[in-house]
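What follows is data-v4.cif (mmCIF, C-alpha atoms).
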```
data_data
#
loop_
_atom_site.label_atom_id
_atom_site.label_comp_id
_atom_site.auth_asym_id
_atom_site.auth_seq_id
_atom_site.Cartn_x
_atom_site.Cartn_y
_atom_site.Cartn_z
CA MET V 1 7.83 32.01 -13.49
CA SER V 2 10.70 30.79 -15.63
CA ARG V 3 10.80 27.22 -16.87
CA GLN V 4 13.93 26.53 -14.79
CA THR V 5 12.30 27.77 -11.59
CA LEU V 6 9.04 25.95 -12.28
CA LEU V 7 10.76 22.70 -13.19
CA SER V 8 12.99 22.90 -10.13
CA PHE V 9 9.95 23.31 -7.90
CA LEU V 10 7.84 20.56 -9.40
CA VAL V 11 10.42 17.87 -10.01
CA ILE V 12 11.33 17.83 -6.34
CA PHE V 13 8.07 16.14 -5.39
CA PRO V 14 8.20 12.55 -6.72
CA ALA V 15 5.57 10.31 -5.17
CA LEU V 16 7.16 7.73 -2.92
CA ALA V 17 3.96 6.34 -1.46
CA VAL V 18 0.19 6.57 -1.49
CA GLY V 19 -2.11 7.40 1.34
CA GLY V 20 -5.51 8.70 2.27
CA CYS V 21 -4.95 10.02 5.77
CA VAL V 22 -4.40 13.68 6.59
CA PRO V 23 -1.57 14.48 9.03
CA SER V 24 -1.83 17.26 11.56
CA PRO V 25 -0.49 20.45 9.99
CA PRO V 26 2.69 22.11 11.21
CA PRO V 27 2.52 25.51 12.92
CA SER V 28 1.04 28.41 10.98
CA GLY V 29 3.52 30.20 8.77
CA THR V 30 5.59 27.13 7.92
CA PRO V 31 6.61 27.32 4.23
CA THR V 32 4.70 24.88 2.10
CA ALA V 33 5.97 21.37 1.48
CA PRO V 34 4.23 17.98 1.37
CA PRO V 35 4.04 15.88 4.56
CA PRO V 36 6.42 12.93 4.79
CA THR V 37 3.69 10.33 5.02
CA LEU V 38 1.34 11.77 2.43
CA PRO V 39 3.18 12.75 -0.76
CA PRO V 40 1.06 14.60 -3.29
CA PRO V 41 -0.12 13.11 -6.55
CA THR V 42 2.13 13.43 -9.57
CA PRO V 43 2.57 17.18 -10.06
CA ALA V 44 1.06 18.88 -13.06
CA LEU V 45 2.76 21.81 -14.73
CA LEU V 46 0.38 24.72 -14.90
CA PRO V 47 0.37 28.17 -16.48
CA PRO V 48 0.69 31.07 -14.02
CA THR V 49 -2.99 31.90 -14.38
CA ALA V 50 -4.21 28.37 -13.61
CA THR V 51 -5.26 27.15 -10.19
CA PRO V 52 -2.14 25.50 -8.76
CA LEU V 53 -1.92 22.11 -7.15
CA ARG V 54 -2.01 22.26 -3.38
CA LEU V 55 1.41 21.13 -2.19
CA SER V 56 1.16 22.27 1.40
CA PRO V 57 1.50 20.40 4.72
CA THR V 58 -2.28 20.74 5.10
CA PRO V 59 -3.60 18.82 2.11
CA VAL V 60 -7.18 19.07 0.98
CA ALA V 61 -9.27 16.32 2.53
CA PRO V 62 -9.95 13.61 -0.06
CA THR V 63 -13.31 13.68 -1.74
CA PRO V 64 -15.20 10.52 -0.76
CA THR V 65 -15.29 8.08 -3.63
CA ALA V 66 -16.80 4.70 -4.12
CA THR V 67 -14.27 2.03 -3.31
CA GLU V 68 -13.81 -1.36 -4.81
CA PRO V 69 -13.38 -4.49 -2.69
CA ALA V 70 -9.78 -5.55 -2.25
CA ALA V 71 -8.75 -8.26 -4.64
CA ALA V 72 -8.63 -11.75 -3.19
CA PRO V 73 -5.18 -13.33 -2.88
CA THR V 74 -4.18 -15.13 -6.05
CA GLU V 75 -2.11 -18.25 -5.46
CA THR V 76 -1.56 -19.17 -9.10
CA PRO V 77 -1.82 -15.95 -11.11
CA SER V 78 -1.61 -15.97 -14.87
CA PRO V 79 1.27 -13.78 -15.96
CA VAL V 80 0.80 -11.10 -18.58
CA THR V 81 3.56 -10.48 -21.08
CA ALA V 82 4.69 -6.88 -20.70
CA ALA V 83 5.69 -6.52 -24.33
CA SER V 84 2.15 -7.25 -25.53
CA ALA V 85 0.23 -5.57 -22.73
CA THR V 86 -1.87 -2.46 -23.23
CA PRO V 87 -1.43 0.16 -20.48
CA VAL V 88 -4.51 0.35 -18.29
CA SER V 89 -4.80 4.09 -18.86
CA THR V 90 -5.57 3.48 -22.56
CA ILE V 91 -8.50 1.15 -21.98
CA THR V 92 -10.21 2.50 -18.85
CA GLU V 93 -10.70 5.75 -17.01
CA GLU V 94 -8.26 4.58 -14.35
CA ARG V 95 -4.73 6.03 -14.22
CA TRP V 96 -2.42 3.47 -12.66
CA GLU V 97 1.01 4.85 -11.90
CA VAL V 98 3.96 3.32 -10.07
CA ARG V 99 4.39 4.79 -6.61
CA THR V 100 6.99 2.36 -5.21
CA LEU V 101 9.36 -0.12 -6.87
CA LEU V 102 11.42 -2.70 -4.99
CA ALA V 103 14.08 -4.96 -6.50
CA GLY V 104 14.83 -8.24 -4.74
CA PRO V 105 18.50 -9.24 -4.55
CA GLY V 106 20.00 -11.59 -7.17
CA GLU V 107 18.05 -14.22 -9.04
CA PRO V 108 15.31 -14.78 -10.11
CA GLY V 109 15.03 -11.11 -10.97
CA ARG V 110 12.22 -10.34 -8.55
CA LEU V 111 10.56 -6.94 -8.70
CA TYR V 112 7.64 -5.54 -6.72
CA VAL V 113 5.58 -2.50 -7.67
CA LEU V 114 2.91 -0.62 -5.76
CA LEU V 115 0.58 1.22 -8.10
CA ALA V 116 -2.08 3.79 -7.34
CA ASP V 117 -5.08 4.83 -9.36
CA LEU V 118 -4.70 8.58 -9.65
CA ALA V 119 -8.18 8.87 -11.16
CA SER V 120 -9.36 8.77 -7.56
CA SER V 121 -8.91 11.87 -5.41
CA ALA V 122 -8.07 9.65 -2.44
CA TRP V 123 -5.69 6.70 -2.17
CA PRO V 124 -7.43 3.92 -0.24
CA ALA V 125 -6.13 0.37 -0.36
CA ALA V 126 -8.98 -0.52 -2.71
CA ARG V 127 -7.51 1.87 -5.27
CA ALA V 128 -4.01 0.40 -5.09
CA ARG V 129 -2.43 -2.65 -6.72
CA PHE V 130 0.61 -4.64 -5.64
CA LEU V 131 2.31 -6.72 -8.35
CA ILE V 132 5.32 -9.03 -8.52
CA SER V 133 7.62 -10.13 -11.34
CA ASP V 134 10.22 -12.90 -11.37
CA ASP V 135 11.70 -12.15 -14.77
CA TYR V 136 12.98 -8.58 -14.41
CA GLY V 137 9.65 -7.06 -15.36
CA GLU V 138 8.80 -8.98 -18.53
CA THR V 139 5.65 -10.43 -16.93
CA TRP V 140 3.68 -9.37 -13.86
CA SER V 141 1.20 -11.06 -11.50
CA PRO V 142 -0.76 -9.87 -8.47
CA PHE V 143 1.16 -10.48 -5.26
CA ARG V 144 -0.39 -13.61 -3.73
CA GLY V 145 -1.07 -11.88 -0.42
CA GLY V 146 -2.55 -8.74 -1.91
CA LEU V 147 -2.41 -5.76 0.45
CA PRO V 148 -3.37 -5.59 4.14
CA VAL V 149 -7.16 -5.80 4.34
CA ALA V 150 -9.53 -3.36 6.04
CA GLU V 151 -7.08 -0.47 5.63
CA ASP V 152 -8.24 2.95 4.47
CA CYS V 153 -4.86 3.82 3.02
CA ILE V 154 -1.57 2.30 1.95
CA LEU V 155 1.30 4.71 2.49
CA ASN V 156 4.17 2.59 1.21
CA ILE V 157 5.68 -0.87 0.82
CA ASN V 158 9.27 -1.66 1.84
CA LEU V 159 11.45 -4.76 1.90
CA ASP V 160 13.88 -6.55 4.21
CA TYR V 161 16.52 -7.42 1.62
CA ALA V 162 17.96 -10.28 3.68
CA THR V 163 14.83 -12.45 3.37
CA PRO V 164 12.67 -13.20 0.28
CA ASP V 165 9.21 -11.65 0.45
CA ALA V 166 9.93 -10.05 3.84
CA LEU V 167 7.66 -7.11 3.06
CA TYR V 168 6.49 -4.25 5.25
CA ALA V 169 3.37 -2.21 4.51
CA SER V 170 3.02 1.25 6.03
CA THR V 171 -0.64 2.19 6.46
CA CYS V 172 -2.62 4.84 8.30
CA GLN V 173 -3.37 2.21 10.96
CA GLY V 174 0.24 1.12 11.48
CA LEU V 175 3.00 -1.09 10.13
CA HIS V 176 2.23 -4.57 8.76
CA ARG V 177 4.64 -7.38 7.94
CA TRP V 178 4.12 -10.18 5.44
CA SER V 179 4.75 -13.50 7.21
CA GLY V 180 4.74 -15.63 4.07
CA SER V 181 1.06 -16.45 4.41
CA GLU V 182 -0.64 -13.30 5.72
CA TRP V 183 -0.17 -9.67 6.65
CA THR V 184 0.26 -9.08 10.40
CA LEU V 185 0.06 -5.75 12.20
CA ILE V 186 3.34 -5.45 14.11
CA SER V 187 3.01 -1.85 15.26
CA PRO V 188 0.34 0.85 15.42
CA GLU V 189 3.04 3.44 14.64
CA GLU V 190 2.34 5.41 11.47
CA THR V 191 5.40 5.33 9.24
CA GLY V 192 6.08 6.48 5.70
CA MET V 193 9.35 4.89 4.60
CA VAL V 194 10.94 2.05 6.57
CA ALA V 195 14.41 0.54 6.23
CA VAL V 196 15.37 -2.77 7.84
CA VAL V 197 18.94 -3.43 8.94
CA TYR V 198 20.32 -6.28 6.83
CA GLY V 199 20.33 -9.50 8.86
CA GLN V 200 18.76 -7.77 11.88
CA PRO V 201 15.01 -7.69 11.22
CA GLU V 202 14.27 -6.46 14.72
CA VAL V 203 16.08 -3.16 13.97
CA ILE V 204 13.93 -0.94 11.76
CA TRP V 205 14.33 2.73 10.86
CA ALA V 206 11.38 4.82 9.69
CA THR V 207 10.33 8.29 8.71
CA GLY V 208 7.91 9.70 11.24
CA SER V 209 4.63 11.52 10.73
CA PHE V 210 3.68 15.02 11.86
CA ARG V 211 1.70 13.42 14.68
CA THR V 212 4.81 11.84 16.20
CA GLY V 213 6.83 15.03 16.06
CA ALA V 214 9.91 12.91 15.21
CA ALA V 215 11.64 13.16 11.85
CA VAL V 216 13.22 9.70 12.12
CA LEU V 217 12.27 6.78 14.35
CA ARG V 218 13.97 3.51 15.24
CA THR V 219 12.80 0.30 16.84
CA ASN V 220 15.15 -2.32 18.25
CA ASP V 221 12.41 -4.85 19.01
CA GLY V 222 10.65 -5.33 15.69
CA GLY V 223 8.12 -2.54 16.14
CA VAL V 224 6.99 -3.10 19.72
CA SER V 225 8.46 0.23 20.81
CA TRP V 226 9.89 3.19 18.91
CA MET V 227 12.26 5.98 19.84
CA PRO V 228 13.25 9.26 18.15
CA ALA V 229 16.54 8.78 16.29
CA GLY V 230 17.24 12.12 14.65
CA SER V 231 19.80 13.77 16.90
CA GLY V 232 21.53 16.64 15.12
CA MET V 233 19.25 16.40 12.08
CA ILE V 234 17.98 19.69 10.68
CA SER V 235 14.77 18.43 9.13
CA PHE V 236 12.47 21.49 8.90
CA ASN V 237 9.27 19.93 7.52
CA GLY V 238 10.23 16.32 8.21
CA VAL V 239 11.96 13.47 6.38
CA ALA V 240 10.76 12.03 3.07
CA ASN V 241 13.14 9.12 2.64
CA VAL V 242 15.53 7.02 4.70
CA ALA V 243 17.90 4.24 3.62
CA ILE V 244 20.63 2.07 5.11
CA ASP V 245 23.90 1.17 3.42
CA PRO V 246 23.43 -2.61 2.93
CA ARG V 247 27.16 -3.17 3.46
CA ASP V 248 27.41 -1.05 6.60
CA ALA V 249 24.53 -0.88 9.07
CA ASN V 250 26.23 2.06 10.77
CA THR V 251 25.67 4.35 7.76
CA LEU V 252 22.27 5.78 6.90
CA TYR V 253 21.04 8.41 4.48
CA ALA V 254 17.93 10.57 4.58
CA ILE V 255 16.36 13.21 2.35
CA ILE V 256 14.26 15.89 4.00
CA TRP V 257 11.17 17.55 2.61
CA PRO V 258 12.31 20.83 1.02
CA LYS V 259 11.94 24.14 2.80
CA TYR V 260 14.87 26.37 1.90
CA GLY V 261 17.68 26.25 -0.64
CA GLY V 262 20.78 24.20 0.00
CA SER V 263 21.36 20.56 0.76
CA TYR V 264 18.38 18.30 1.47
CA LEU V 265 20.61 15.28 2.10
CA ARG V 266 21.56 13.93 5.53
CA ARG V 267 23.92 11.17 6.66
CA GLY V 268 23.51 9.37 9.96
CA THR V 269 24.91 6.63 12.17
CA ALA V 270 23.31 3.68 13.90
CA GLY V 271 23.41 5.76 17.07
CA GLY V 272 21.03 8.28 15.52
CA GLN V 273 23.58 11.09 15.01
CA TRP V 274 23.06 13.03 11.77
CA LYS V 275 25.03 15.52 9.65
CA THR V 276 24.10 17.60 6.63
CA MET V 277 25.67 16.13 3.51
CA PRO V 278 26.57 18.12 0.36
CA THR V 279 24.61 17.52 -2.84
CA PRO V 280 25.83 17.83 -6.45
CA LEU V 281 26.36 21.16 -8.22
CA ASP V 282 27.19 23.13 -5.08
CA ASN V 283 24.20 21.98 -3.06
CA ARG V 284 21.55 22.21 -5.75
CA GLY V 285 18.10 20.97 -4.76
CA ILE V 286 17.48 17.26 -5.14
CA GLY V 287 14.39 15.10 -5.50
CA VAL V 288 13.27 12.94 -2.60
CA GLY V 289 14.05 9.69 -4.44
CA MET V 290 17.39 7.98 -3.82
CA THR V 291 18.87 4.51 -4.15
CA ILE V 292 22.01 2.66 -3.06
CA ASP V 293 23.93 0.16 -5.16
CA GLY V 294 24.15 -2.85 -2.84
CA ALA V 295 27.34 -4.10 -4.52
CA THR V 296 29.40 -0.92 -4.22
CA GLY V 297 27.58 1.32 -1.76
CA ALA V 298 27.29 4.08 -4.39
CA LEU V 299 24.49 6.54 -3.64
CA TYR V 300 22.28 7.88 -6.47
CA VAL V 301 20.09 11.00 -6.29
CA THR V 302 18.33 13.29 -8.77
CA VAL V 303 19.19 16.95 -9.19
CA THR V 304 16.15 19.02 -10.12
CA ALA V 305 17.68 22.07 -11.85
CA PRO V 306 18.85 23.36 -14.26
CA SER V 307 17.40 20.12 -15.67
CA PRO V 308 16.54 16.73 -14.14
CA GLN V 309 19.77 14.78 -13.77
CA ILE V 310 20.89 11.61 -11.99
CA TRP V 311 24.14 11.89 -10.03
CA ARG V 312 26.06 9.37 -7.98
CA THR V 313 28.80 9.37 -5.37
CA LEU V 314 31.14 6.43 -4.98
CA ASN V 315 32.29 7.60 -1.54
CA PRO V 316 29.12 8.70 0.27
CA ASN V 317 30.54 7.34 3.54
CA ALA V 318 33.73 9.45 3.43
CA MET V 319 34.81 10.23 6.98
CA ASP V 320 34.43 13.96 6.32
CA VAL V 321 31.15 14.71 4.51
CA ASN V 322 32.89 17.55 2.69
CA ASP V 323 35.11 14.97 0.97
CA VAL V 324 32.12 13.33 -0.75
CA ARG V 325 32.54 13.57 -4.53
CA TRP V 326 29.69 13.48 -7.06
CA GLU V 327 29.67 12.55 -10.74
CA LEU V 328 26.98 13.03 -13.38
CA VAL V 329 25.30 9.83 -14.58
CA HIS V 330 22.63 11.14 -16.95
CA ASP V 331 21.03 14.45 -17.94
CA PHE V 332 17.42 14.06 -19.11
CA GLY V 333 17.07 17.61 -20.41
CA GLU V 334 14.63 20.22 -19.20
CA ASP V 335 11.73 18.70 -21.16
CA MET V 336 11.39 15.72 -18.81
CA TRP V 337 10.06 15.06 -15.31
CA VAL V 338 12.01 12.40 -13.37
CA ASP V 339 11.23 10.37 -10.23
CA LEU V 340 14.05 8.01 -9.18
CA LEU V 341 12.45 4.86 -7.71
CA GLY V 342 15.13 2.28 -7.00
CA SER V 343 17.89 0.01 -8.25
CA GLY V 344 18.82 -3.65 -8.31
CA TRP V 345 20.95 -6.37 -9.82
CA SER V 346 20.39 -7.56 -13.38
CA PRO V 347 22.34 -9.89 -15.73
CA GLU V 348 23.48 -6.80 -17.67
CA GLY V 349 24.67 -4.93 -14.58
CA LEU V 350 23.15 -2.37 -12.21
CA ALA V 351 19.55 -1.57 -13.15
CA LEU V 352 18.06 1.80 -12.23
CA TYR V 353 14.31 2.46 -12.25
CA ALA V 354 12.53 5.81 -12.56
CA ASN V 355 9.22 7.32 -13.57
CA LEU V 356 9.63 9.62 -16.57
CA GLN V 357 7.17 12.04 -18.11
CA PRO V 358 7.81 14.37 -21.06
CA ILE V 359 6.98 18.04 -20.60
CA GLN V 360 5.92 20.42 -23.34
CA TRP V 361 6.97 23.99 -22.73
CA HIS V 362 4.95 26.90 -24.15
CA ASP V 363 6.17 30.24 -25.38
CA GLU V 364 4.61 31.92 -22.38
CA GLY V 365 7.05 30.05 -20.14
CA TRP V 366 4.82 27.36 -18.68
CA GLY V 367 4.78 23.64 -19.32
CA GLU V 368 2.36 20.75 -19.23
CA PRO V 369 2.81 16.95 -19.06
CA VAL V 370 2.67 15.12 -22.38
CA GLY V 371 1.11 11.67 -21.98
CA ASP V 372 1.14 9.49 -18.89
CA LEU V 373 3.90 9.09 -16.36
CA ALA V 374 5.68 5.85 -17.31
CA LEU V 375 8.09 3.49 -15.60
CA HIS V 376 11.51 3.30 -17.28
CA ARG V 377 14.60 1.18 -16.66
CA ALA V 378 18.29 1.59 -17.44
CA LEU V 379 20.38 -1.61 -17.50
CA ASP V 380 23.70 0.16 -17.92
CA GLY V 381 23.90 2.02 -14.64
CA GLY V 382 21.63 4.88 -15.70
CA HIS V 383 22.96 5.98 -19.09
CA SER V 384 20.22 4.74 -21.46
CA TRP V 385 16.54 4.37 -20.55
CA ALA V 386 13.69 2.31 -22.00
CA PRO V 387 10.03 1.86 -20.96
CA LEU V 388 9.13 -1.08 -18.73
CA VAL V 389 5.45 -1.79 -19.33
CA ILE V 390 3.23 -2.85 -16.45
CA PRO V 391 -0.21 -4.18 -17.48
#
```

Would you mind writing the file's structure down as structure tokens?
Amino acid sequence: MSRQTLLSFLVIFPALAVGGCVPSPPPSGTPTAPPPTLPPPTPALLPPTATPLRLSPTPVAPTPTATEPAAAPTETPSPVTAASATPVSTITEERWEVRTLLAGPGEPGRLYVLLADLASSAWPAARARFLISDDYGETWSPFRGGLPVAEDCILNINLDYATPDALYASTCQGLHRWSGSEWTLISPEETGMVAVVYGQPEVIWATGSFRTGAAVLRTNDGGVSWMPAGSGMISFNGVANVAIDPRDANTLYAIIWPKYGGSYLRRGTAGGQWKTMPTPLDNRGIGVGMTIDGATGALYVTVTAPSPQIWRTLNPNAMDVNDVRWELVHDFGEDMWVDLLGSGWSPEGLALYANLQPIQWHDEGWGEPVGDLALHRALDGGHSWAPLVIP
């Protein structure tokens, strides 16, 4: 397998969430792709003769592991200076990697990160950490509410950007909301990604699980009841990501789990009507990470081949989807693995966040990761990247 083909296949599976539940598999014969609510661990690049990672809709059941008790809420945490911190992976056997990053709007530069310990073969809540920063990532502290207790898996964390700390936790037992003092189960529905309409917290969009049979769901009553909302969407193996234009609640975007070549990007309306949307480079495959600039509405995605690249469109909501125009933001080169995580405001301008991992290619045509996957940030709209250390 050529390096271009291998890189294209592996880069398309960035981890958006963590989980320990196993969804019901799709019908026999369905081409392999990860389920929308249980993304695989960070992919490893393997030689053709090695045993490959299982990246199918029927993941291997997690091997039982000893779990640690969930950390107690910390009301007055002591911050750790990122510049002087030693990555956990260098001092313990644990491998903490960022699975979700959320950027709060405006000052004081609030960031949230959900980390998972990939040293464990399963992803229970006890093997996850949820941290917060109020200085653009210079120092980090445990989130005072921790994670929902008594949960066997945390699938993802999302944010209502209209209200500080209005957090939503997707778990295998349902959707929880942070009230400001505790996590409350608001729905037993299993969701992967959720997106809350700005200023309308009762209207929530979500990616569905294989068990629901719905690619996209919507609730108009804060999670009491849900309805399928994917009319016209060609989703194949389901939807990996969904987002709402913060300036226009009638415009949504979704990225489907890959199955065939061609566009993996969809654009929808508040009425649940969806169209296939072109991607850069004549519908090249894209990763499942995307982000929207809240100030301009620009949409950012990652192209996976011929090398990992970040592209943006300034007119993603063009009346005719064929009029959408893309422009290259940054080319990382074929010796890098890229997972676009999010974006947010910073004093220097738009900040983009991504996990990066160097890849060493061998003469035989296969590659392997070099070092740990690391969070990086670009403060100039995606042109130059630097590590952002999380202790």

Centre, edges in Å (one decimal): axis-aligned box, region 217-220 of chain V, 6 Å padding on all six sides, as JSON:
```
{"center_x": 13.7, "center_y": 2.2, "center_z": 16.3, "size_x": 14.9, "size_y": 21.1, "size_z": 15.9}
```

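The residues returned by the PyMOL selection byres ((chain V and resi 195) around 8) on the shown structure are Asn158, Leu159, Asp160, Met193, Val194, Val196, Val197, Ile204, Trp205, Ala206, Val242, Ala243 and Ile244 of chain V.
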
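Evaluated on this file, the PyMOL selection byres ((chain V and resi 289-305) around 7) matches Gln4, Ser8, Val11, Ile12, Pro14, Asp245, Pro246, Arg247, Arg284, Gly285, Ile286, Gly287, Val288, Pro306, Ser307, Pro308, Gln309, Ile310, Trp311, Arg312, Thr313, Leu314, Asn315, Pro316, Asp339, Leu340, Leu341, Gly342 and Ser343 of chain V.
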
The PyMOL selection byres ((chain V and resi 167-170) around 10) applied to the shown file, residues as a short mmCIF file (atom, residue, chain, number, x, y, z; two decimals) with C-alpha atoms, keeping the file's coordinate frame:
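Below is the file result.cif, written as the result:
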```
data_model
loop_
_atom_site.label_atom_id
_atom_site.label_comp_id
_atom_site.auth_asym_id
_atom_site.auth_seq_id
_atom_site.Cartn_x
_atom_site.Cartn_y
_atom_site.Cartn_z
CA ALA V 17 3.96 6.34 -1.46
CA VAL V 18 0.19 6.57 -1.49
CA GLY V 19 -2.11 7.40 1.34
CA THR V 37 3.69 10.33 5.02
CA LEU V 102 11.42 -2.70 -4.99
CA TYR V 112 7.64 -5.54 -6.72
CA LEU V 147 -2.41 -5.76 0.45
CA PRO V 148 -3.37 -5.59 4.14
CA CYS V 153 -4.86 3.82 3.02
CA ILE V 154 -1.57 2.30 1.95
CA LEU V 155 1.30 4.71 2.49
CA ASN V 156 4.17 2.59 1.21
CA ILE V 157 5.68 -0.87 0.82
CA ASN V 158 9.27 -1.66 1.84
CA LEU V 159 11.45 -4.76 1.90
CA ASP V 160 13.88 -6.55 4.21
CA TYR V 161 16.52 -7.42 1.62
CA THR V 163 14.83 -12.45 3.37
CA PRO V 164 12.67 -13.20 0.28
CA ASP V 165 9.21 -11.65 0.45
CA ALA V 166 9.93 -10.05 3.84
CA THR V 171 -0.64 2.19 6.46
CA CYS V 172 -2.62 4.84 8.30
CA GLN V 173 -3.37 2.21 10.96
CA GLY V 174 0.24 1.12 11.48
CA LEU V 175 3.00 -1.09 10.13
CA HIS V 176 2.23 -4.57 8.76
CA ARG V 177 4.64 -7.38 7.94
CA TRP V 178 4.12 -10.18 5.44
CA SER V 179 4.75 -13.50 7.21
CA GLY V 180 4.74 -15.63 4.07
CA TRP V 183 -0.17 -9.67 6.65
CA THR V 184 0.26 -9.08 10.40
CA LEU V 185 0.06 -5.75 12.20
CA ILE V 186 3.34 -5.45 14.11
CA SER V 187 3.01 -1.85 15.26
CA PRO V 188 0.34 0.85 15.42
CA GLU V 189 3.04 3.44 14.64
CA GLU V 190 2.34 5.41 11.47
CA THR V 191 5.40 5.33 9.24
CA GLY V 192 6.08 6.48 5.70
CA MET V 193 9.35 4.89 4.60
CA VAL V 194 10.94 2.05 6.57
CA ALA V 195 14.41 0.54 6.23
CA VAL V 196 15.37 -2.77 7.84
CA ALA V 206 11.38 4.82 9.69
#
```

Worksheet item: Given the choices V:Gly238, V:Pro391, V:Gly349, V:Pro258, which gets closest to Thr139 (chain V) if the distance is worked out from all atoms listed in the file?
Response: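 Closest to Thr139 (chain V), using all atoms listed in the file: V:Pro391.
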
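In this structure, CA of Asp134 (chain V) sits 4.3 Å away from CA of Arg110 (chain V).
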
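Going from CA of Leu356 (chain V) to CA of Asp331 (chain V) covers 12.5 Å.
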
Worksheet item: Restricting the calculation to only C-alpha atoms, which member of V:Val216, V:Ile132, V:Ala378, V:Val113 is positioned closest to Ala351 (chain V)?
Response: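 The closest residue to Ala351 (chain V) is V:Ala378.
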
Worksheet, complete the sentence: Between V:Ala126, V:Ala318, V:Leu101, V:Ile234, smallest distance to Leu388 (chain V) by all atoms listed in the file belongs to V:Leu101

Response to the item:
CA of Arg267 (chain V) to CA of Ala254 (chain V) measures 6.4 Å

Fill in: Closest of V:Tyr353, V:Glu348, V:Val370, V:Val149 to Gly382 (chain V) - atom-to-atom distances counting all atoms listed in the file
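For Gly382 (chain V), the nearest of the candidates is V:Tyr353.
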
Discussion item. Taking (2.1, -2.1, -6.7) as a centre in this file's frame and 6 Å as the limit, can you find every polymer residue with an atom that close, using only C-alpha atoms, and give them as an MDAnalysis selection string?
Written reply: chainID V and resid 113:115 129:131

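Between Ser384 (chain V) and the candidates V:Met319, V:Ala354, V:Ala214, V:Ala125, the tightest atom-to-atom separation, counting all atoms listed in the file, involves V:Ala354.
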
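In terms of minimum interatomic distance to Gly333 (chain V), V:Pro358 ranks closest within V:Gly208, V:Pro358, V:Gly371, V:Pro280, counting all atoms listed in the file.
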
Item to complete: Go ahead and find all residues with at least one atom no further than 7 Å from (14.2, -0.1, 14.1) in the file's coordinates, using all atoms listed in the file; report them as a list in words.
Response: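 Those residues, ordered by chain and then number, are Val196, Glu202, Val203, Ile204, Trp205, Arg218, Thr219, Asn220, Gly222 and Gly223 of chain V.
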
Export C-alpha atoms of the chosen residues as an mmCIF file, in the coordinates of the input?
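selection-v4.cif was written with the following content:
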```
data_model
loop_
_atom_site.group_PDB
_atom_site.id
_atom_site.type_symbol
_atom_site.label_atom_id
_atom_site.label_comp_id
_atom_site.auth_asym_id
_atom_site.auth_seq_id
_atom_site.Cartn_x
_atom_site.Cartn_y
_atom_site.Cartn_z
ATOM 1 C CA VAL V 196 15.370 -2.770 7.840
ATOM 2 C CA GLU V 202 14.270 -6.460 14.720
ATOM 3 C CA VAL V 203 16.080 -3.160 13.970
ATOM 4 C CA ILE V 204 13.930 -0.940 11.760
ATOM 5 C CA TRP V 205 14.330 2.730 10.860
ATOM 6 C CA ARG V 218 13.970 3.510 15.240
ATOM 7 C CA THR V 219 12.800 0.300 16.840
ATOM 8 C CA ASN V 220 15.150 -2.320 18.250
ATOM 9 C CA GLY V 222 10.650 -5.330 15.690
ATOM 10 C CA GLY V 223 8.120 -2.540 16.140
#
```

Item to complete: Considering all atoms listed in the file, return as an NGL selection string whatever protein or nucleic-acid residues lie within 8 Å of Gly271 (chain V), sequence-local ones (same chain, fewer than 3 positions apart) excluded.
Response: :V and (229 or 250 or 268)
